[in-house]
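Contents: one structure, followed by commentary.
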Amino acid sequence: MSNVTPTADESQPTSPSVDEAGPLLSPALLQRLERLELVSRKIFRGRMKGERISRRKGQSVEFADFRNYVPGDDLRLIDWNLYARLDQLFLKLFQEEEDLHFYALIDTSASMNFGTPNQLRVAKQLAAALGYVGLCRGDRVSVQALGPNGRNAPVVRSRAALWKLLKYLDGLQPAANQDPDANVSLHDGVKDFVLRGTSTGVVVLITDLMDKAGYESALRMLIGRQMDVFVLQVLSQEELDPPLRGDRRLIDVEDGDAAEITVNQHVIDRYQETLKSFLHQARQYCAQRSIMHVLVPTDTPIETVMTKYLRSRGVVR
């Protein structure tokens, strides 16, 4: 979204700060999040034992199935009672409990520092909430900004490490306006993440998708890493329905491009049509590649997003 310079007869709306008052997650919300679980639509091999029941068979206390014995199998797993009845060797299989590697990637470009509530703050709240859900289930959680700030993001396990995650999020700031070195495109940010990492898992990209270079190449890189990809597109009410009228000078906050326009109902209608088309194309692009896309208006309470929006779309359960 562009910054707006009004005519001399109009007052410029103040741009909200990302550092709005209050904690990212309230105690009441934390209690509700403890009952949720991150959903993985793919099978990943966890590094450590966790609380998540895998679709793979392994060793635990919960019985799953039998299979025929083959030479080399562990003799301790043979069901000797079954052998006594059937005179055949069968192995007992158990549910494998494993951890999941969860990544939340936050777009901190200048366009995210917009709207009331602020888009970047809502992105932080979503990342913190999803990260806490993973921590409560013993998953490995990495919440990080796209670009250089993502390189010092902590990888944490267990709910006792929530403070590390929140401390990192509190330190994230939007990229400086019109600074090409501070603004990282979705392509470059995701490329940096992919080149640094070696693990697969669930990745949630939290962004407004407002990038002149497009979002397609970034999503293709995540798919290429065999990640289970979700996109949370965060847009403020000012993006969805701009409260603008009259003569305006629009300035792109990321590259400084400017345009003089007169905003009337016809222009607003054309904007709404263009935005509707953009959102439809994004949803269609994601659906064709098995990426779950969820539009998150910033005026929707985080609790509603987590317990209704994301649950209904299969991000959590």
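In the structure tokens, chains take the letters A, B, ... in the order shown, each chain's residues start at 1, and ligands count up from 1 in the order shown.
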
### Task
as a PyMOL selection string, list the residues of segment 201-276 of chain A assigned to strand (DSSP E) by DSSP on the backbone atoms of this structure.
chain A and resi 202-207+228-235+246-251+258-263

Filtering to C-alpha atoms, could you give me those residues as a PDB file, in the first residue's frame?
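Below is the file that was written, selection-v1.pdb:
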ATOM      1  CA  VAL A 202       5.547 -27.008   7.877  1.00  0.00           C
ATOM      2  CA  VAL A 203       6.160 -23.411   6.806  1.00  0.00           C
ATOM      3  CA  VAL A 204       3.671 -20.569   7.212  1.00  0.00           C
ATOM      4  CA  LEU A 205       4.460 -17.459   5.175  1.00  0.00           C
ATOM      5  CA  ILE A 206       2.840 -14.382   6.771  1.00  0.00           C
ATOM      6  CA  THR A 207       2.771 -11.512   4.294  1.00  0.00           C
ATOM      7  CA  ASP A 228       4.069 -28.180   3.616  1.00  0.00           C
ATOM      8  CA  VAL A 229       3.250 -24.567   2.745  1.00  0.00           C
ATOM      9  CA  PHE A 230       0.582 -22.254   4.162  1.00  0.00           C
ATOM     10  CA  VAL A 231       0.157 -18.580   3.236  1.00  0.00           C
ATOM     11  CA  LEU A 232      -1.507 -16.140   5.623  1.00  0.00           C
ATOM     12  CA  GLN A 233      -2.191 -12.949   3.679  1.00  0.00           C
ATOM     13  CA  VAL A 234      -2.533 -10.117   6.178  1.00  0.00           C
ATOM     14  CA  LEU A 235      -4.386  -7.020   4.955  1.00  0.00           C
ATOM     15  CA  GLY A 246     -10.031  13.943  -3.347  1.00  0.00           C
ATOM     16  CA  ASP A 247      -6.696  14.860  -4.913  1.00  0.00           C
ATOM     17  CA  ARG A 248      -3.909  12.647  -3.633  1.00  0.00           C
ATOM     18  CA  ARG A 249      -0.259  11.984  -4.263  1.00  0.00           C
ATOM     19  CA  LEU A 250       0.451   8.274  -3.757  1.00  0.00           C
ATOM     20  CA  ILE A 251       4.009   7.275  -2.870  1.00  0.00           C
ATOM     21  CA  ALA A 258       4.839   8.505  -6.962  1.00  0.00           C
ATOM     22  CA  ALA A 259       1.587   9.177  -8.801  1.00  0.00           C
ATOM     23  CA  GLU A 260      -0.888  12.076  -8.728  1.00  0.00           C
ATOM     24  CA  ILE A 261      -4.524  10.924  -8.774  1.00  0.00           C
ATOM     25  CA  THR A 262      -8.011  12.150  -7.997  1.00  0.00           C
ATOM     26  CA  VAL A 263      -9.810   9.622  -5.834  1.00  0.00           C
TER      27      VAL A 263
END

### Message
as an MDAnalysis selection string, please: every residue in segment 131-212 of chain A that a backbone DSSP assignment puts in helix (DSSP H, G or I).
### Response
chainID A and resid 131:136 148:152 159:170 186:196

File of the preceding selection, N, CA and C atoms, as a compact mmCIF listing (two decimals), in the first residue's frame:
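Saved file result-v2.txt follows:
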# COMPACT_ATOMS: atom_id res chain seq x y z
N GLY A 131 3.53 -20.40 16.82
CA GLY A 131 4.73 -20.93 17.44
C GLY A 131 4.44 -21.54 18.80
N TYR A 132 3.58 -20.90 19.58
CA TYR A 132 3.25 -21.43 20.91
C TYR A 132 2.49 -22.74 20.79
N VAL A 133 1.61 -22.86 19.80
CA VAL A 133 0.91 -24.13 19.58
C VAL A 133 1.92 -25.24 19.33
N GLY A 134 2.93 -24.95 18.51
CA GLY A 134 3.97 -25.95 18.25
C GLY A 134 4.78 -26.29 19.49
N LEU A 135 5.11 -25.28 20.28
CA LEU A 135 5.90 -25.51 21.50
C LEU A 135 5.13 -26.39 22.49
N CYS A 136 3.83 -26.21 22.56
CA CYS A 136 3.02 -27.01 23.49
C CYS A 136 2.98 -28.48 23.09
N PRO A 148 17.97 -10.62 6.31
CA PRO A 148 19.07 -10.74 7.27
C PRO A 148 18.62 -10.94 8.71
N ASN A 149 17.50 -10.33 9.11
CA ASN A 149 17.04 -10.48 10.50
C ASN A 149 16.62 -11.91 10.84
N GLY A 150 16.42 -12.72 9.81
CA GLY A 150 16.04 -14.10 10.06
C GLY A 150 17.20 -14.99 10.45
N ARG A 151 18.41 -14.52 10.23
CA ARG A 151 19.58 -15.37 10.45
C ARG A 151 19.91 -15.55 11.93
N ASN A 152 19.43 -14.66 12.77
CA ASN A 152 19.68 -14.81 14.21
C ASN A 152 18.44 -15.24 14.97
N ARG A 159 7.31 -25.17 25.81
CA ARG A 159 6.64 -23.91 26.10
C ARG A 159 7.46 -23.01 27.01
N ALA A 160 8.42 -23.58 27.74
CA ALA A 160 9.27 -22.76 28.61
C ALA A 160 10.14 -21.81 27.80
N ALA A 161 10.32 -22.10 26.51
CA ALA A 161 11.15 -21.26 25.66
C ALA A 161 10.36 -20.18 24.93
N LEU A 162 9.10 -20.01 25.31
CA LEU A 162 8.26 -19.01 24.64
C LEU A 162 8.87 -17.61 24.75
N TRP A 163 9.50 -17.30 25.87
CA TRP A 163 10.05 -15.97 26.07
C TRP A 163 11.10 -15.63 25.01
N LYS A 164 11.87 -16.63 24.57
CA LYS A 164 12.88 -16.39 23.53
C LYS A 164 12.20 -15.99 22.22
N LEU A 165 11.13 -16.70 21.90
CA LEU A 165 10.39 -16.40 20.68
C LEU A 165 9.80 -14.99 20.73
N LEU A 166 9.18 -14.64 21.87
CA LEU A 166 8.56 -13.32 22.00
C LEU A 166 9.60 -12.21 22.01
N LYS A 167 10.74 -12.46 22.62
CA LYS A 167 11.81 -11.46 22.64
C LYS A 167 12.29 -11.18 21.23
N TYR A 168 12.43 -12.22 20.43
CA TYR A 168 12.85 -12.02 19.04
C TYR A 168 11.80 -11.23 18.26
N LEU A 169 10.53 -11.57 18.44
CA LEU A 169 9.47 -10.88 17.72
C LEU A 169 9.38 -9.41 18.13
N ASP A 170 9.56 -9.14 19.42
CA ASP A 170 9.50 -7.75 19.88
C ASP A 170 10.58 -6.90 19.24
N LEU A 186 10.03 -10.69 -1.47
CA LEU A 186 9.63 -12.04 -1.08
C LEU A 186 10.57 -13.08 -1.70
N HIS A 187 10.94 -12.86 -2.95
CA HIS A 187 11.85 -13.81 -3.62
C HIS A 187 13.18 -13.91 -2.89
N ASP A 188 13.80 -12.75 -2.61
CA ASP A 188 15.12 -12.77 -1.96
C ASP A 188 15.03 -13.28 -0.53
N GLY A 189 13.96 -12.91 0.19
CA GLY A 189 13.82 -13.37 1.56
C GLY A 189 13.64 -14.86 1.66
N VAL A 190 12.79 -15.42 0.82
CA VAL A 190 12.58 -16.87 0.84
C VAL A 190 13.81 -17.60 0.32
N LYS A 191 14.48 -17.03 -0.67
CA LYS A 191 15.71 -17.66 -1.18
C LYS A 191 16.76 -17.76 -0.08
N ASP A 192 16.91 -16.70 0.71
CA ASP A 192 17.85 -16.72 1.82
C ASP A 192 17.48 -17.80 2.84
N PHE A 193 16.18 -17.93 3.13
CA PHE A 193 15.72 -18.95 4.07
C PHE A 193 16.00 -20.35 3.53
N VAL A 194 15.72 -20.58 2.26
CA VAL A 194 15.91 -21.90 1.67
C VAL A 194 17.38 -22.29 1.63
N LEU A 195 18.25 -21.34 1.31
CA LEU A 195 19.68 -21.65 1.22
C LEU A 195 20.29 -21.91 2.59
N ARG A 196 19.74 -21.28 3.64
CA ARG A 196 20.29 -21.48 4.99
C ARG A 196 19.82 -22.77 5.63

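In terms of minimum interatomic distance to Val143 of chain A, A:Tyr103 ranks closest within A:Val184, A:Pro117, A:Tyr103, A:Ser111, counting only C-alpha atoms.
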
### Message
Give me, as a list in words, all polymer residues having an atom no more than 9 Å from Leu275 of chain A, counting only C-alpha atoms and skipping those fewer than 4 positions away in the same chain.
### Response
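Neighbouring residues, sequence-local ones excluded: Glu239, Leu240, Arg270, Tyr271, Leu279 and His280 of chain A.
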
Shell around Ile268 of chain A at 9 Å using only C-alpha atoms, local window under 3 positions removed, as a CSV table (one decimal) with all heavy atoms, in the first residue's frame:
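Dumped to part.csv:
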chain,number,residue,atom,x,y,z
A,241,ASP,N,-10.5,-1.5,1.9
A,241,ASP,CA,-11.5,-0.5,1.6
A,241,ASP,C,-10.9,0.9,1.9
A,241,ASP,O,-11.2,1.4,3.0
A,241,ASP,CB,-12.8,-0.7,2.4
A,241,ASP,CG,-13.9,0.3,2.0
A,241,ASP,OD1,-13.8,0.9,0.9
A,241,ASP,OD2,-14.9,0.4,2.7
A,242,PRO,N,-10.1,1.4,1.0
A,242,PRO,CA,-9.3,2.7,1.3
A,242,PRO,C,-10.3,3.9,1.7
A,242,PRO,O,-11.2,4.1,0.9
A,242,PRO,CB,-8.5,2.9,0.1
A,242,PRO,CG,-8.5,1.6,-0.6
A,242,PRO,CD,-9.8,0.9,-0.3
A,244,LEU,N,-10.2,7.0,1.2
A,244,LEU,CA,-9.5,8.1,0.5
A,244,LEU,C,-10.5,8.8,-0.4
A,244,LEU,O,-11.3,8.1,-1.1
A,244,LEU,CB,-8.3,7.7,-0.2
A,244,LEU,CG,-7.2,6.9,0.5
A,244,LEU,CD1,-6.1,6.5,-0.4
A,244,LEU,CD2,-6.6,7.8,1.6
A,245,ARG,N,-10.4,10.1,-0.5
A,245,ARG,CA,-11.2,10.9,-1.5
A,245,ARG,C,-10.4,12.1,-1.8
A,245,ARG,O,-9.6,12.6,-1.0
A,245,ARG,CB,-12.6,11.3,-0.9
A,245,ARG,CG,-13.6,10.1,-0.7
A,245,ARG,CD,-13.9,9.4,-2.0
A,245,ARG,NE,-15.0,8.4,-1.8
A,245,ARG,CZ,-14.8,7.2,-1.4
A,245,ARG,NH1,-13.5,6.8,-1.2
A,245,ARG,NH2,-15.8,6.3,-1.3
A,263,VAL,N,-9.1,10.8,-6.3
A,263,VAL,CA,-9.8,9.6,-5.8
A,263,VAL,C,-11.3,9.9,-5.8
A,263,VAL,O,-11.7,10.8,-5.0
A,263,VAL,CB,-9.3,9.2,-4.4
A,263,VAL,CG1,-10.0,7.9,-4.0
A,263,VAL,CG2,-7.8,9.0,-4.5
A,264,ASN,N,-12.1,9.3,-6.6
A,264,ASN,CA,-13.5,9.4,-6.5
A,264,ASN,C,-14.1,8.0,-6.5
A,264,ASN,O,-13.4,7.0,-6.4
A,264,ASN,CB,-14.1,10.2,-7.7
A,264,ASN,CG,-13.5,9.6,-9.1
A,264,ASN,OD1,-13.3,8.4,-9.2
A,264,ASN,ND2,-13.3,10.5,-10.0
A,265,GLN,N,-15.4,7.9,-6.5
A,265,GLN,CA,-16.0,6.5,-6.4
A,265,GLN,C,-15.7,5.6,-7.5
A,265,GLN,O,-15.5,4.4,-7.3
A,265,GLN,CB,-17.6,6.7,-6.3
A,265,GLN,CG,-18.3,5.4,-5.9
A,265,GLN,CD,-17.8,4.9,-4.6
A,265,GLN,OE1,-17.7,5.6,-3.6
A,265,GLN,NE2,-17.5,3.6,-4.5
A,271,TYR,N,-10.4,0.1,-8.0
A,271,TYR,CA,-9.4,-0.5,-7.0
A,271,TYR,C,-10.0,-1.8,-6.4
A,271,TYR,O,-9.3,-2.8,-6.3
A,271,TYR,CB,-9.1,0.5,-5.9
A,271,TYR,CG,-8.3,0.0,-4.8
A,271,TYR,CD1,-6.9,-0.1,-4.9
A,271,TYR,CD2,-8.9,-0.5,-3.6
A,271,TYR,CE1,-6.1,-0.6,-3.8
A,271,TYR,CE2,-8.1,-1.1,-2.6
A,271,TYR,CZ,-6.8,-1.1,-2.7
A,271,TYR,OH,-6.0,-1.6,-1.7
A,272,GLN,N,-11.3,-1.7,-6.0
A,272,GLN,CA,-11.9,-2.9,-5.4
A,272,GLN,C,-11.9,-4.1,-6.4
A,272,GLN,O,-11.6,-5.2,-6.0
A,272,GLN,CB,-13.3,-2.6,-5.0
A,272,GLN,CG,-13.4,-1.6,-3.9
A,272,GLN,CD,-13.1,-2.1,-2.5
A,272,GLN,OE1,-12.6,-3.2,-2.4
A,272,GLN,NE2,-13.3,-1.3,-1.5
A,273,GLU,N,-12.2,-3.8,-7.7
A,273,GLU,CA,-12.2,-4.9,-8.7
A,273,GLU,C,-10.8,-5.4,-8.9
A,273,GLU,O,-10.6,-6.7,-9.0
A,273,GLU,CB,-12.7,-4.3,-10.0
A,273,GLU,CG,-14.2,-3.9,-10.0
A,273,GLU,CD,-14.6,-3.3,-11.3
A,273,GLU,OE1,-13.7,-3.2,-12.2
A,273,GLU,OE2,-15.8,-2.9,-11.4
